[in-house]
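Worksheet for the structure shown next.
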Amino acid sequence: MRSFYFAAAMGLAVVYVSCQTDAGKPGNADTVKSGAAGNTVDSGKPGDAATPSISGSVERGHYLVDVIGCGDCHTPKKMTAAGPVPDMSRYLSGYNAGVPLGKYDTGLANGGSWVLFKGDLTAAAGPWGVTFSANLTPDGTGLGGWTADNFRRAIKEGKYKGLADARPLLPPMPSDNLAKLSDEDVMSIYAYLKTIKPVRNLVPAAILNPPPGGH
């Protein structure tokens, strides 16, 4: 059984990029294509020497998403008599923007001794503030506008929105662990996420606390 923290940590990825770009449209170098070996996705953009030209397998990406436990925090839950179960109608759509965050003990969260998670693990509060699990579906409110290079940079470099000059991703995203994934595995995850059902869900931006001693 995977550790609770890692499962919970995997839930909070970067939030949305607002513009939507469908993979495979003319002018978009991040082309999803089908072949004898299965669906693949090209990772690089013309002129982007920093991104290796590799392909990722959709099937491999599906396997990795399941094994890593992305859905533990990226998928909202429904409460049943047997306990919480994933709401597959909102698979990997992140924190449900239509559900209020609710009250929690801010003193406990801000004190540094505890990290508090929402009951379905889609939001977490700690000394940094509150972070919300991202919408990973290919909708425009999720990863619809992300290029493969954005995704690679977010996973491998821990950059918010996958932008080179952005702030680091916030806890509890396990950026150090994810950085150890191979580029091929990262592109396989990206390829798989491009194939799942788009869910329109504009996840709130993180609520950031001022730094200790800050003004």
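Going by the structure tokens order, chains are called A, B, ..., each with residues numbered from 1, while ligands are numbered from 1 in the order shown.
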
Within 10 Å of Asp87 of chain A using only C-alpha atoms, minus same-chain residues under 3 positions, as a JSON list (two decimals) with N, CA and C atoms, in the first residue's frame:
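Saved as around-v5.json:
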```
[["chain", "number", "residue", "atom", "x", "y", "z"],
["A", 71, "GLY", "N", -4.98, 9.93, -9.15],
["A", 71, "GLY", "CA", -6.41, 10.09, -8.89],
["A", 71, "GLY", "C", -6.75, 10.17, -7.42],
["A", 75, "THR", "N", -8.91, 13.35, -8.21],
["A", 75, "THR", "CA", -10.30, 12.97, -8.47],
["A", 75, "THR", "C", -11.16, 13.21, -7.24],
["A", 76, "PRO", "N", -12.22, 14.03, -7.34],
["A", 76, "PRO", "CA", -13.13, 14.20, -6.21],
["A", 76, "PRO", "C", -13.75, 12.86, -5.81],
["A", 77, "LYS", "N", -14.24, 12.81, -4.56],
["A", 77, "LYS", "CA", -14.79, 11.55, -4.03],
["A", 77, "LYS", "C", -16.28, 11.71, -3.73],
["A", 78, "LYS", "N", -16.96, 10.57, -3.71],
["A", 78, "LYS", "CA", -18.34, 10.49, -3.25],
["A", 78, "LYS", "C", -18.35, 9.63, -1.99],
["A", 79, "MET", "N", -19.12, 10.06, -1.00],
["A", 79, "MET", "CA", -19.19, 9.29, 0.24],
["A", 79, "MET", "C", -20.25, 8.20, 0.10],
["A", 84, "PRO", "N", -15.37, 6.85, 1.31],
["A", 84, "PRO", "CA", -15.25, 7.64, 0.08],
["A", 84, "PRO", "C", -14.76, 6.81, -1.09],
["A", 90, "ARG", "N", -16.02, 12.77, -12.64],
["A", 90, "ARG", "CA", -15.13, 13.92, -12.53],
["A", 90, "ARG", "C", -13.68, 13.46, -12.46],
["A", 91, "TYR", "N", -13.38, 12.36, -13.11],
["A", 91, "TYR", "CA", -12.05, 11.74, -13.05],
["A", 91, "TYR", "C", -10.95, 12.73, -13.41],
["A", 92, "LEU", "N", -10.01, 12.89, -12.48],
["A", 92, "LEU", "CA", -8.82, 13.73, -12.63],
["A", 92, "LEU", "C", -9.14, 15.20, -12.90],
["A", 93, "SER", "N", -10.32, 15.65, -12.50],
["A", 93, "SER", "CA", -10.71, 17.05, -12.74],
["A", 93, "SER", "C", -10.32, 17.98, -11.59]]
```

**OP:** Please indicate the distance in Å from atom CA of Ile155 of chain A to atom CA of Leu193 of chain A, rounded to one decimal place.
**Re:** 13.6 Å

For Gly102 of chain A, list every protein, DNA or RNA residue within 12 Å, evaluated using only C-alpha atoms, and leave out those in the same chain fewer than 3 positions away; present the list as a CSV table (one decimal) with C-alpha atoms, in the first residue's frame.
```csv
chain,number,residue,atom,x,y,z
A,98,GLY,CA,-18.5,24.2,-7.1
A,99,VAL,CA,-18.0,23.0,-3.5
A,105,ASP,CA,-8.4,25.3,12.1
A,106,THR,CA,-6.2,27.9,10.5
A,117,PHE,CA,-6.4,17.8,4.0
A,118,LYS,CA,-10.0,18.2,2.8
A,119,GLY,CA,-12.0,15.0,3.3
A,123,ALA,CA,-7.2,20.5,-1.1
A,124,ALA,CA,-4.5,20.9,1.6
A,125,ALA,CA,-3.7,23.6,4.1
A,130,VAL,CA,-4.1,26.5,0.8
```

Original post:
So how many Å separate atom CA of Phe132 of chain A and atom CA of Pro171 of chain A, to one decimal?
Top reply: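 Calculated distance between atom CA of Phe132 of chain A and atom CA of Pro171 of chain A is 10.2 Å.
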
Subject >> Counting only C-alpha atoms, the option among A:Asp66, A:Arg200, A:Arg152, A:Leu163 closest to Ser182 of chain A >> reply: A:Arg152

**OP:** Excluding Pro168 of chain A and residues on its chain fewer than 4 positions from it, collect all residues at most 6 Å away from it, counting only C-alpha atoms, and give them as a PyMOL selection string.
**Re:** chain A and resi 158-160

Subject >> Selected residue of minimal separation from Leu170 of chain A among A:Thr195, A:Thr141, A:Gly126, A:Asp183, counting only C-alpha atoms >> reply: A:Gly126

**OP:** Enter the distance from atom CA of Leu178 of chain A to atom CA of Val203 of chain A, in Å, rounded to one decimal.
**Re:**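 Result for atom CA of Leu178 of chain A versus atom CA of Val203 of chain A: 22.0 Å, one decimal.
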
**OP:** Return the single residue from A:Asn135, A:Thr80, A:Ser113, A:Ser175 that is closest to Val199 of chain A, with distances computed using only C-alpha atoms.
**Re:**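 Closest to Val199 of chain A of all the choices is A:Asn135.
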